[in-house]
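The next block is data.cif, given as mmCIF, C-alpha atoms and all ligand atoms.
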```
data_final
#
loop_
_atom_site.group_PDB
_atom_site.id
_atom_site.type_symbol
_atom_site.label_atom_id
_atom_site.label_comp_id
_atom_site.auth_asym_id
_atom_site.auth_seq_id
_atom_site.Cartn_x
_atom_site.Cartn_y
_atom_site.Cartn_z
ATOM 1 C CA MET A 1 98.074 -0.812 26.472
ATOM 2 C CA THR A 2 96.716 -0.464 29.951
ATOM 3 C CA ASP A 3 93.598 -2.460 30.632
ATOM 4 C CA LEU A 4 90.658 -2.053 32.929
ATOM 5 C CA PRO A 5 91.137 -3.272 36.501
ATOM 6 C CA PRO A 6 89.675 -6.644 37.468
ATOM 7 C CA PRO A 7 85.948 -6.328 38.220
ATOM 8 C CA PRO A 8 84.261 -4.972 40.175
ATOM 9 C CA TRP A 9 86.053 -1.678 39.526
ATOM 10 C CA ARG A 10 84.652 1.673 40.391
ATOM 11 C CA THR A 11 84.128 4.662 38.147
ATOM 12 C CA ARG A 12 82.101 7.827 38.593
ATOM 13 C CA PHE A 13 79.694 10.139 36.893
ATOM 14 C CA ALA A 14 80.399 13.530 38.417
ATOM 15 C CA PRO A 15 78.332 16.429 37.108
ATOM 16 C CA ALA A 16 78.495 19.908 38.607
ATOM 17 C CA PRO A 17 75.114 21.380 39.602
ATOM 18 C CA THR A 18 75.947 24.664 37.929
ATOM 19 C CA GLY A 19 73.603 24.197 34.990
ATOM 20 C CA TYR A 20 71.357 21.688 33.271
ATOM 21 C CA LEU A 21 72.590 18.496 31.664
ATOM 22 C CA HIS A 22 73.090 18.571 27.900
ATOM 23 C CA LEU A 23 74.094 16.076 25.224
ATOM 24 C CA GLY A 24 77.769 16.446 26.176
ATOM 25 C CA HIS A 25 76.960 15.057 29.612
ATOM 26 C CA ALA A 26 74.882 12.335 28.016
ATOM 27 C CA VAL A 27 77.878 11.231 25.917
ATOM 28 C CA ASN A 28 80.035 11.107 29.029
ATOM 29 C CA ALA A 29 77.309 9.121 30.785
ATOM 30 C CA LEU A 30 77.171 6.650 27.880
ATOM 31 C CA TYR A 31 80.884 5.933 28.221
ATOM 32 C CA VAL A 32 80.690 5.710 32.013
ATOM 33 C CA TRP A 33 77.654 3.429 32.182
ATOM 34 C CA GLY A 34 78.507 1.570 28.975
ATOM 35 C CA LEU A 35 81.991 0.547 30.055
ATOM 36 C CA ALA A 36 80.814 -0.232 33.569
ATOM 37 C CA ARG A 37 77.892 -2.376 32.404
ATOM 38 C CA ALA A 38 79.974 -4.162 29.756
ATOM 39 C CA PHE A 39 83.116 -4.830 31.763
ATOM 40 C CA GLY A 40 82.108 -5.226 35.387
ATOM 41 C CA GLY A 41 82.357 -1.673 36.756
ATOM 42 C CA ARG A 42 80.247 0.110 39.327
ATOM 43 C CA VAL A 43 79.093 3.678 38.812
ATOM 44 C CA VAL A 44 79.376 6.165 41.659
ATOM 45 C CA LEU A 45 77.293 9.317 41.323
ATOM 46 C CA ARG A 46 79.106 12.306 42.740
ATOM 47 C CA VAL A 47 77.593 15.781 42.758
ATOM 48 C CA GLU A 48 80.541 18.107 42.209
ATOM 49 C CA ASP A 49 79.327 21.224 43.938
ATOM 50 C CA HIS A 50 82.745 22.450 45.110
ATOM 51 C CA ASP A 51 81.953 25.695 43.303
ATOM 52 C CA ARG A 52 79.864 27.266 46.043
ATOM 53 C CA VAL A 53 79.237 30.393 44.021
ATOM 54 C CA ARG A 54 77.597 28.805 40.981
ATOM 55 C CA SER A 55 76.083 25.577 42.371
ATOM 56 C CA ARG A 56 72.330 25.566 42.826
ATOM 57 C CA PRO A 57 70.023 23.000 44.481
ATOM 58 C CA ARG A 58 67.621 23.305 41.547
ATOM 59 C CA TYR A 59 70.325 22.170 39.111
ATOM 60 C CA GLU A 60 71.116 19.226 41.342
ATOM 61 C CA ALA A 61 67.440 18.255 41.494
ATOM 62 C CA ALA A 62 67.197 18.605 37.708
ATOM 63 C CA LEU A 63 70.255 16.500 36.961
ATOM 64 C CA LEU A 64 69.040 13.711 39.242
ATOM 65 C CA ASP A 65 65.669 13.859 37.547
ATOM 66 C CA ASP A 66 67.223 13.797 34.063
ATOM 67 C CA LEU A 67 69.413 10.804 34.923
ATOM 68 C CA ASP A 68 66.430 9.006 36.343
ATOM 69 C CA TRP A 69 64.413 9.769 33.213
ATOM 70 C CA LEU A 70 67.256 8.528 31.002
ATOM 71 C CA GLY A 71 67.274 5.261 32.953
ATOM 72 C CA LEU A 72 70.855 5.711 34.123
ATOM 73 C CA GLU A 73 70.983 4.389 37.645
ATOM 74 C CA PRO A 74 74.106 4.775 39.704
ATOM 75 C CA ASP A 75 75.262 1.848 41.797
ATOM 76 C CA GLU A 76 76.595 3.966 44.637
ATOM 77 C CA GLY A 77 76.558 7.449 45.993
ATOM 78 C CA THR A 78 73.093 8.463 45.027
ATOM 79 C CA THR A 79 71.753 11.507 46.786
ATOM 80 C CA GLU A 80 68.422 11.851 48.494
ATOM 81 C CA GLY A 81 65.627 12.596 46.119
ATOM 82 C CA PHE A 82 66.866 10.073 43.617
ATOM 83 C CA ARG A 83 64.716 7.015 43.124
ATOM 84 C CA ARG A 84 66.961 4.880 45.272
ATOM 85 C CA GLY A 85 69.099 6.938 47.511
ATOM 86 C CA PRO A 86 71.098 5.461 50.319
ATOM 87 C CA LEU A 87 74.218 7.580 50.279
ATOM 88 C CA PRO A 88 74.553 11.316 49.743
ATOM 89 C CA LEU A 89 77.776 11.912 47.879
ATOM 90 C CA ARG A 90 78.020 15.604 47.476
ATOM 91 C CA GLN A 91 81.305 17.454 47.700
ATOM 92 C CA SER A 92 79.921 20.192 49.938
ATOM 93 C CA ASP A 93 78.770 17.647 52.533
ATOM 94 C CA ASN A 94 82.293 16.785 53.557
ATOM 95 C CA VAL A 95 84.545 19.736 52.917
ATOM 96 C CA GLU A 96 86.665 18.927 55.959
ATOM 97 C CA ARG A 97 88.234 16.152 53.878
ATOM 98 C CA TYR A 98 89.761 18.806 51.633
ATOM 99 C CA ALA A 99 91.060 20.713 54.645
ATOM 100 C CA ALA A 100 92.623 17.494 55.936
ATOM 101 C CA ALA A 101 94.308 16.915 52.571
ATOM 102 C CA LEU A 102 95.670 20.443 52.578
ATOM 103 C CA ALA A 103 96.936 19.956 56.133
ATOM 104 C CA ARG A 104 98.810 16.840 55.016
ATOM 105 C CA LEU A 105 100.422 18.711 52.122
ATOM 106 C CA ASP A 106 101.209 21.593 54.449
ATOM 107 C CA ALA A 107 102.842 19.301 56.999
ATOM 108 C CA ALA A 108 104.987 17.870 54.208
ATOM 109 C CA GLY A 109 106.127 21.381 53.295
ATOM 110 C CA LEU A 110 104.399 21.201 49.917
ATOM 111 C CA ALA A 111 101.708 23.865 50.280
ATOM 112 C CA TYR A 112 102.192 27.593 50.680
ATOM 113 C CA PRO A 113 100.110 30.769 50.870
ATOM 114 C CA CYS A 114 99.896 32.930 47.758
ATOM 115 C CA VAL A 115 98.580 36.476 47.490
ATOM 116 C CA CYS A 116 98.752 36.829 43.704
ATOM 117 C CA SER A 117 95.711 37.824 41.679
ATOM 118 C CA ARG A 118 94.931 36.370 38.256
ATOM 119 C CA LYS A 119 95.949 39.656 36.723
ATOM 120 C CA GLN A 120 99.365 39.569 38.399
ATOM 121 C CA ILE A 121 99.902 35.955 37.363
ATOM 122 C CA GLU A 122 98.976 36.752 33.781
ATOM 123 C CA LYS A 123 101.506 39.579 33.812
ATOM 124 C CA ARG A 124 104.335 37.670 35.489
ATOM 125 C CA GLY A 125 103.809 34.135 34.254
ATOM 126 C CA GLY A 126 101.799 34.577 31.099
ATOM 127 C CA ARG A 127 99.917 31.755 29.465
ATOM 128 C CA ARG A 128 101.081 28.368 28.311
ATOM 129 C CA GLY A 129 98.871 26.265 26.105
ATOM 130 C CA GLY A 130 96.029 28.703 26.727
ATOM 131 C CA GLU A 131 96.119 28.517 30.520
ATOM 132 C CA LEU A 132 97.672 30.745 33.147
ATOM 133 C CA HIS A 133 101.144 29.735 34.218
ATOM 134 C CA TYR A 134 101.924 30.530 37.840
ATOM 135 C CA PRO A 135 105.639 31.380 38.013
ATOM 136 C CA GLY A 136 106.107 30.535 41.708
ATOM 137 C CA THR A 137 106.204 34.136 42.924
ATOM 138 C CA CYS A 138 105.120 33.428 46.525
ATOM 139 C CA ARG A 139 106.834 30.043 46.947
ATOM 140 C CA ALA A 140 109.784 31.435 48.885
ATOM 141 C CA ALA A 141 108.303 34.822 49.760
ATOM 142 C CA GLY A 142 107.310 33.877 53.299
ATOM 143 C CA VAL A 143 103.719 35.089 52.962
ATOM 144 C CA ASP A 144 101.892 35.134 56.301
ATOM 145 C CA PRO A 145 99.353 32.275 56.156
ATOM 146 C CA ALA A 146 96.863 34.502 57.963
ATOM 147 C CA ALA A 147 97.021 37.034 55.137
ATOM 148 C CA THR A 148 94.999 34.909 52.704
ATOM 149 C CA PRO A 149 93.169 31.585 52.425
ATOM 150 C CA GLN A 150 94.760 31.084 48.989
ATOM 151 C CA ARG A 151 97.085 28.071 48.899
ATOM 152 C CA ARG A 152 99.240 26.543 46.212
ATOM 153 C CA LEU A 153 100.978 23.234 45.832
ATOM 154 C CA HIS A 154 104.677 23.196 45.091
ATOM 155 C CA LEU A 155 104.816 21.013 42.002
ATOM 156 C CA GLU A 156 108.278 19.616 41.584
ATOM 157 C CA ARG A 157 109.351 19.683 37.958
ATOM 158 C CA ARG A 158 109.055 16.206 36.572
ATOM 159 C CA GLU A 159 107.580 14.222 33.751
ATOM 160 C CA VAL A 160 104.320 12.561 34.692
ATOM 161 C CA CYS A 161 103.526 9.493 32.618
ATOM 162 C CA PHE A 162 100.184 7.755 32.464
ATOM 163 C CA THR A 163 98.389 5.550 29.993
ATOM 164 C CA ASP A 164 95.026 6.561 28.655
ATOM 165 C CA LEU A 165 92.820 3.557 27.897
ATOM 166 C CA ARG A 166 91.919 5.001 24.524
ATOM 167 C CA LEU A 167 94.770 7.316 23.564
ATOM 168 C CA GLY A 168 97.725 5.337 24.865
ATOM 169 C CA ALA A 169 100.857 6.561 26.664
ATOM 170 C CA GLN A 170 100.893 10.222 27.703
ATOM 171 C CA THR A 171 103.653 12.375 29.166
ATOM 172 C CA GLN A 172 103.049 15.761 30.755
ATOM 173 C CA VAL A 173 105.155 18.153 32.834
ATOM 174 C CA PRO A 174 102.550 19.909 35.021
ATOM 175 C CA SER A 175 105.037 22.419 36.465
ATOM 176 C CA GLU A 176 105.600 23.644 32.916
ATOM 177 C CA GLN A 177 101.893 23.880 32.148
ATOM 178 C CA CYS A 178 100.062 25.502 35.057
ATOM 179 C CA GLY A 179 102.956 25.911 37.465
ATOM 180 C CA ASP A 180 102.261 25.491 41.187
ATOM 181 C CA LEU A 181 98.710 24.241 41.414
ATOM 182 C CA LEU A 182 95.978 26.240 43.123
ATOM 183 C CA LEU A 183 94.394 24.227 45.960
ATOM 184 C CA ARG A 184 92.186 26.849 47.592
ATOM 185 C CA ASP A 185 91.345 30.228 46.152
ATOM 186 C CA ARG A 186 91.426 33.686 47.675
ATOM 187 C CA ASP A 187 87.770 33.400 48.716
ATOM 188 C CA GLY A 188 88.498 30.181 50.578
ATOM 189 C CA HIS A 189 86.904 27.896 47.965
ATOM 190 C CA TRP A 190 88.441 24.516 47.241
ATOM 191 C CA THR A 191 89.535 24.101 43.658
ATOM 192 C CA TYR A 192 88.225 21.505 41.259
ATOM 193 C CA GLN A 193 91.635 19.808 41.030
ATOM 194 C CA LEU A 194 92.040 19.342 44.778
ATOM 195 C CA ALA A 195 88.442 18.255 45.277
ATOM 196 C CA VAL A 196 88.345 15.612 42.558
ATOM 197 C CA VAL A 197 91.732 14.145 43.396
ATOM 198 C CA VAL A 198 90.756 13.798 47.077
ATOM 199 C CA ASP A 199 87.352 12.378 46.124
ATOM 200 C CA ASP A 200 88.777 9.889 43.643
ATOM 201 C CA LEU A 201 91.291 8.743 46.248
ATOM 202 C CA GLU A 202 88.868 8.472 49.167
ATOM 203 C CA GLN A 203 86.036 6.955 47.145
ATOM 204 C CA GLY A 204 88.273 4.319 45.610
ATOM 205 C CA ILE A 205 87.660 5.456 42.033
ATOM 206 C CA GLU A 206 89.823 3.249 39.826
ATOM 207 C CA VAL A 207 88.707 4.414 36.376
ATOM 208 C CA VAL A 208 88.154 8.067 35.474
ATOM 209 C CA ILE A 209 86.170 8.577 32.269
ATOM 210 C CA ARG A 210 86.021 12.119 30.957
ATOM 211 C CA GLY A 211 86.157 14.275 27.850
ATOM 212 C CA GLU A 212 89.289 14.880 25.812
ATOM 213 C CA ASP A 213 89.195 18.583 26.689
ATOM 214 C CA LEU A 214 90.419 17.643 30.156
ATOM 215 C CA LEU A 215 93.362 15.566 28.973
ATOM 216 C CA ALA A 216 95.901 18.368 29.527
ATOM 217 C CA SER A 217 95.044 18.561 33.231
ATOM 218 C CA THR A 218 95.384 14.850 33.953
ATOM 219 C CA GLY A 219 99.121 14.870 34.707
ATOM 220 C CA ARG A 220 98.711 17.339 37.553
ATOM 221 C CA GLN A 221 95.994 15.169 39.063
ATOM 222 C CA VAL A 222 98.281 12.165 38.890
ATOM 223 C CA GLN A 223 101.071 14.152 40.536
ATOM 224 C CA LEU A 224 98.793 15.520 43.268
ATOM 225 C CA ALA A 225 97.323 12.068 43.946
ATOM 226 C CA GLU A 226 100.821 10.716 44.425
ATOM 227 C CA LEU A 227 101.699 13.511 46.864
ATOM 228 C CA LEU A 228 98.540 12.655 48.805
ATOM 229 C CA GLY A 229 99.780 9.100 49.144
ATOM 230 C CA ARG A 230 97.836 7.333 46.416
ATOM 231 C CA PRO A 231 99.967 4.270 45.534
ATOM 232 C CA ALA A 232 98.816 4.089 41.897
ATOM 233 C CA PRO A 233 96.791 6.652 39.957
ATOM 234 C CA PRO A 234 93.369 5.738 38.578
ATOM 235 C CA ARG A 235 93.145 4.553 34.983
ATOM 236 C CA PHE A 236 91.961 7.323 32.684
ATOM 237 C CA LEU A 237 89.850 7.232 29.575
ATOM 238 C CA HIS A 238 89.329 10.462 27.655
ATOM 239 C CA HIS A 239 86.504 10.191 25.153
ATOM 240 C CA PRO A 240 85.771 12.344 22.096
ATOM 241 C CA LEU A 241 84.143 15.633 22.835
ATOM 242 C CA VAL A 242 80.721 16.511 21.533
ATOM 243 C CA LEU A 243 80.633 19.720 19.605
ATOM 244 C CA ALA A 244 77.649 21.889 18.877
ATOM 245 C CA ASP A 245 76.579 22.019 15.240
ATOM 246 C CA ASP A 246 78.779 25.056 14.631
ATOM 247 C CA GLY A 247 81.866 23.415 16.149
ATOM 248 C CA ARG A 248 81.698 25.102 19.555
ATOM 249 C CA LYS A 249 82.107 22.992 22.651
ATOM 250 C CA LEU A 250 78.712 22.416 24.208
ATOM 251 C CA SER A 251 78.287 24.325 27.399
ATOM 252 C CA LYS A 252 75.639 24.288 30.032
ATOM 253 C CA SER A 253 74.884 27.929 29.472
ATOM 254 C CA ALA A 254 74.651 27.658 25.706
ATOM 255 C CA GLY A 255 71.105 26.376 25.966
ATOM 256 C CA ASP A 256 71.638 24.080 23.011
ATOM 257 C CA THR A 257 70.828 20.410 23.194
ATOM 258 C CA GLY A 258 69.811 20.548 26.826
ATOM 259 C CA ILE A 259 68.212 17.331 28.008
ATOM 260 C CA ARG A 260 65.384 19.436 29.485
ATOM 261 C CA GLU A 261 64.696 21.033 26.120
ATOM 262 C CA LEU A 262 64.748 17.717 24.283
ATOM 263 C CA ARG A 263 62.371 16.215 26.829
ATOM 264 C CA ALA A 264 60.045 19.188 26.497
ATOM 265 C CA ALA A 265 60.177 18.786 22.724
ATOM 266 C CA GLY A 266 58.809 15.275 23.093
ATOM 267 C CA TRP A 267 61.967 13.213 22.621
ATOM 268 C CA SER A 268 61.991 9.815 24.306
ATOM 269 C CA ALA A 269 64.850 8.827 26.605
ATOM 270 C CA ALA A 270 65.981 6.250 24.029
ATOM 271 C CA ARG A 271 66.097 8.905 21.343
ATOM 272 C CA VAL A 272 68.186 11.238 23.528
ATOM 273 C CA LEU A 273 70.647 8.434 24.268
ATOM 274 C CA GLY A 274 70.647 7.449 20.589
ATOM 275 C CA GLU A 275 71.476 11.008 19.577
ATOM 276 C CA ALA A 276 74.224 11.164 22.219
ATOM 277 C CA ALA A 277 75.631 7.862 20.930
ATOM 278 C CA VAL A 278 75.791 9.250 17.388
ATOM 279 C CA ARG A 279 77.453 12.471 18.540
ATOM 280 C CA GLY A 280 79.908 10.560 20.688
ATOM 281 C CA GLY A 281 80.932 8.323 17.788
ATOM 282 C CA LEU A 282 79.318 5.210 19.255
ATOM 283 C CA LEU A 283 76.550 4.712 16.712
ATOM 284 C CA ALA A 284 76.354 5.566 13.030
ATOM 285 C CA ALA A 285 73.750 8.119 12.051
ATOM 286 C CA GLY A 286 71.196 6.269 9.970
ATOM 287 C CA ARG A 287 69.143 7.733 7.153
ATOM 288 C CA GLY A 288 65.800 6.472 8.368
ATOM 289 C CA ALA A 289 64.299 6.874 11.795
ATOM 290 C CA PRO A 290 66.472 8.598 14.412
ATOM 291 C CA PRO A 291 68.679 6.090 16.243
ATOM 292 C CA GLU A 292 67.384 4.939 19.588
ATOM 293 C CA LEU A 293 69.315 3.411 22.421
ATOM 294 C CA ALA A 294 67.827 2.272 25.711
ATOM 295 C CA ALA A 295 69.934 2.497 28.857
ATOM 296 C CA GLY A 296 69.558 -1.267 29.250
ATOM 297 C CA GLU A 297 71.274 -1.827 25.882
ATOM 298 C CA LEU A 298 74.476 -0.007 26.834
ATOM 299 C CA GLY A 299 76.305 -3.063 28.126
ATOM 300 C CA ASP A 300 75.689 -4.947 24.864
ATOM 301 C CA LEU A 301 76.716 -1.939 22.755
ATOM 302 C CA PHE A 302 80.043 -1.568 24.523
ATOM 303 C CA ARG A 303 80.679 -5.297 24.663
ATOM 304 C CA ALA A 304 80.065 -5.622 20.946
ATOM 305 C CA ARG A 305 82.071 -2.559 20.094
ATOM 306 C CA TYR A 306 85.025 -3.036 22.386
ATOM 307 C CA SER A 307 85.805 -6.667 22.856
ATOM 308 C CA GLY A 308 89.237 -5.460 23.982
ATOM 309 C CA LEU A 309 89.981 -1.980 25.167
ATOM 310 C CA GLY A 310 92.838 -1.692 22.722
ATOM 311 C CA GLN A 311 90.189 -0.948 20.109
ATOM 312 C CA LEU A 312 88.733 2.066 21.841
HETATM 313 ZN ZN ZN B 1 101.594 34.159 44.568
#
```
Could you write out this structure as C-alpha cells?
Amino acid sequence: MTDLPPPPWRTRFAPAPTGYLHLGHAVNALYVWGLARAFGGRVVLRVEDHDRVRSRPRYEAALLDDLDWLGLEPDEGTTEGFRRGPLPLRQSDNVERYAAALARLDAAGLAYPCVCSRKQIEKRGGRRGGELHYPGTCRAAGVDPAATPQRRLHLERREVCFTDLRLGAQTQVPSEQCGDLLLRDRDGHWTYQLAVVVDDLEQGIEVVIRGEDLLASTGRQVQLAELLGRPAPPRFLHHPLVLADDGRKLSKSAGDTGIRELRAAGWSAARVLGEAAVRGGLLAAGRGAPPELAAGELGDLFRARYSGLGQL
C-alpha cells in the first residue's frame, strides 16, 4: 500500500467556477482538508477556470465566499477577495504554461493536429466504457497545423500502473480507453486533462484527492505527466462519491444541496460539514440532532479514523 509522502506534502482543492458549490464539493473538501490537517499536508486552492465558455467571475466569488464561510482556509494559492489572499492561482491567469507544455510535446513528436468532430469520432471510434474513443484518424494524416487549433497527444499503447491510497493497485491502458488524448479543442481551449496535469506538475502537487467518478481518467494523467517529464506521478486518493437522494450524481446545475441554499435555509457551517461527512461516509448518521462538524475538528476526525492509510 502506497503511503502519503513525508510532510509537508501538497494537495489541492480545485473547483471549477462554472456553478455553485454543493455537498459533493464539501465532501471532497473534507477529504482534502482532513487528510492535510491530520497528516501534515498543505492545501493549495486552485480555481480551475480552463473552461472559458462556462466559467463566471460570480461563481468564483461565490465559491471563495462559501469556503470562507465553511472555515476551510487554504494554505497556498488563495485568490484576491479571499480573506487572506497572497497568491492568485487561477488557470486562466497563466495559460502560456499550457502552450509551453504543448510545444514540448510537439517538439518531441508526440502532439499532432486533428480536424475530427465529435460526431466523426463517435462514428469511427465509437464509445468504450461510456466515453468516446478516438481511433487515431489524423495521427499520420499530415494535417496542416494551421488548419485547426485542435491538438491530440499520441498515447503509446501501454499499461499504466498506479496505486490509489484507498483502492490499492490500479492498471489502466489509456490508449484503449479514450485513444489519443485531446490537449486543445477546435475552439482553441485547453482541455481539463492538459491543464490539471501541467498545474499539478508545476505547483508541486504530490497528493491528488478526488471523487471515484474520475478514477477511469487517472491513468491518462499519469501517462501525460510522464511525457511532460514528471519523474514520479502524484499519489492519488479517490473517495466515495456523494449521490443525490434519488441516486443521481450531484451536479452543480441540479440545484440540490447547494451550499448557498443550505446557508439561506439557516444551516450553520458545522451542520453543512456534518451533513457532508455523513454523505461521504465519514460520520454515522445519528438519530438525534443532525451531526455537526467544525472545520477545526477535521484533523482529529481523520487522525482518529485513519491511523494508517491502509484503513481508508
Ligand atoms: Zn482527427
For segment 256-289 of chain A versus segment 3-26 of chain A, which residues have an atom no more than 7 Å away, and what is each residue's nearest atom pair and distance in Å rounded to one decimal, using only C-alpha atoms, chain-then-number order, as a Markdown table?
```
| residue | atom | partner | partner_atom | distance |
| --- | --- | --- | --- | --- |
| A:Thr257 | CA | A:His22 | CA | 5.5 |
| A:Gly258 | CA | A:His22 | CA | 4.0 |
| A:Ile259 | CA | A:His22 | CA | 5.0 |
| A:Leu273 | CA | A:Ala26 | CA | 6.9 |
| A:Ala276 | CA | A:Leu23 | CA | 5.8 |
```
key: Atomic distance atom CA of Pro74 of chain A - atom CA of Val43 of chain A, expressed in Å with one decimal   = 5.2 Å
ask   = Could you name the residues that touch Arg279 of chain A at 9 Å or less, counting all atoms listed in the file, but leaving out those on the same chain fewer than 6 positions away, as a PyMOL selection string?
value = chain A and resi 23-24+27+241-243+285
Given only C-alpha atoms and all ligand atoms as the counted atoms, nearest of A:Thr218, A:Asn28, A:Thr148, A:Asn94 to ligand ZN 1 (chain B) =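 Of A:Thr218, A:Asn28, A:Thr148, A:Asn94, the one nearest ligand ZN 1 (chain B) is A:Thr148, counting only C-alpha atoms and all ligand atoms.
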request  = Go through the chains and note each residue within 12 Å of ligand ZN 1 (chain B), using all atoms listed in the file, then give the set as a VMD selection string.
outcome  = chain A and resid 111 to 122 124 to 125 133 to 145 147 to 154 179 to 182 185 to 186
message = Could you tell me, as JSON, numbers by chain, exactly which residues end up selected when the PyMOL selection byres (((chain A and resi 167) around 9) and not hetatm) is applied to this structure?
response = {"A": [163, 164, 165, 166, 168, 169, 170, 237, 238, 239, 312]}
With all heavy atoms as the target, complete segment 140-147 of chain A and hand it back as an mmCIF file, in the coordinates of the input.
```
data_model
loop_
_atom_site.group_PDB
_atom_site.id
_atom_site.type_symbol
_atom_site.label_atom_id
_atom_site.label_comp_id
_atom_site.auth_asym_id
_atom_site.auth_seq_id
_atom_site.Cartn_x
_atom_site.Cartn_y
_atom_site.Cartn_z
ATOM 1 N N ALA A 140 108.755 31.192 47.867
ATOM 2 C CA ALA A 140 109.784 31.435 48.885
ATOM 3 C C ALA A 140 109.657 32.843 49.463
ATOM 4 O O ALA A 140 110.599 33.386 50.023
ATOM 5 C CB ALA A 140 111.163 31.236 48.259
ATOM 6 N N ALA A 141 108.459 33.427 49.340
ATOM 7 C CA ALA A 141 108.303 34.822 49.760
ATOM 8 C C ALA A 141 107.918 34.956 51.230
ATOM 9 O O ALA A 141 107.872 36.061 51.762
ATOM 10 C CB ALA A 141 107.249 35.511 48.887
ATOM 11 N N GLY A 142 107.656 33.822 51.885
ATOM 12 C CA GLY A 142 107.310 33.877 53.299
ATOM 13 C C GLY A 142 106.024 34.638 53.578
ATOM 14 O O GLY A 142 105.939 35.403 54.534
ATOM 15 N N VAL A 143 105.012 34.420 52.748
ATOM 16 C CA VAL A 143 103.719 35.089 52.962
ATOM 17 C C VAL A 143 103.093 34.582 54.263
ATOM 18 O O VAL A 143 103.094 33.382 54.534
ATOM 19 C CB VAL A 143 102.768 34.795 51.769
ATOM 20 C CG1 VAL A 143 101.386 35.385 52.033
ATOM 21 C CG2 VAL A 143 103.352 35.314 50.477
ATOM 22 N N ASP A 144 102.573 35.494 55.051
ATOM 23 C CA ASP A 144 101.892 35.134 56.301
ATOM 24 C C ASP A 144 100.633 34.332 55.962
ATOM 25 O O ASP A 144 99.755 34.830 55.243
ATOM 26 C CB ASP A 144 101.524 36.431 57.035
ATOM 27 C CG ASP A 144 100.755 36.159 58.329
ATOM 28 O OD1 ASP A 144 100.554 34.970 58.674
ATOM 29 O OD2 ASP A 144 100.353 37.150 58.974
ATOM 30 N N PRO A 145 100.521 33.104 56.474
ATOM 31 C CA PRO A 145 99.353 32.275 56.156
ATOM 32 C C PRO A 145 98.037 32.935 56.554
ATOM 33 O O PRO A 145 96.992 32.641 55.978
ATOM 34 C CB PRO A 145 99.571 30.997 56.972
ATOM 35 C CG PRO A 145 101.018 30.995 57.324
ATOM 36 C CD PRO A 145 101.469 32.425 57.369
ATOM 37 N N ALA A 146 98.095 33.837 57.522
ATOM 38 C CA ALA A 146 96.863 34.502 57.963
ATOM 39 C C ALA A 146 96.426 35.589 56.982
ATOM 40 O O ALA A 146 95.309 36.092 57.055
ATOM 41 C CB ALA A 146 97.070 35.104 59.349
ATOM 42 N N ALA A 147 97.312 35.925 56.050
ATOM 43 C CA ALA A 147 97.021 37.034 55.137
ATOM 44 C C ALA A 147 96.009 36.649 54.069
ATOM 45 O O ALA A 147 95.339 37.510 53.503
ATOM 46 C CB ALA A 147 98.315 37.508 54.473
#
```
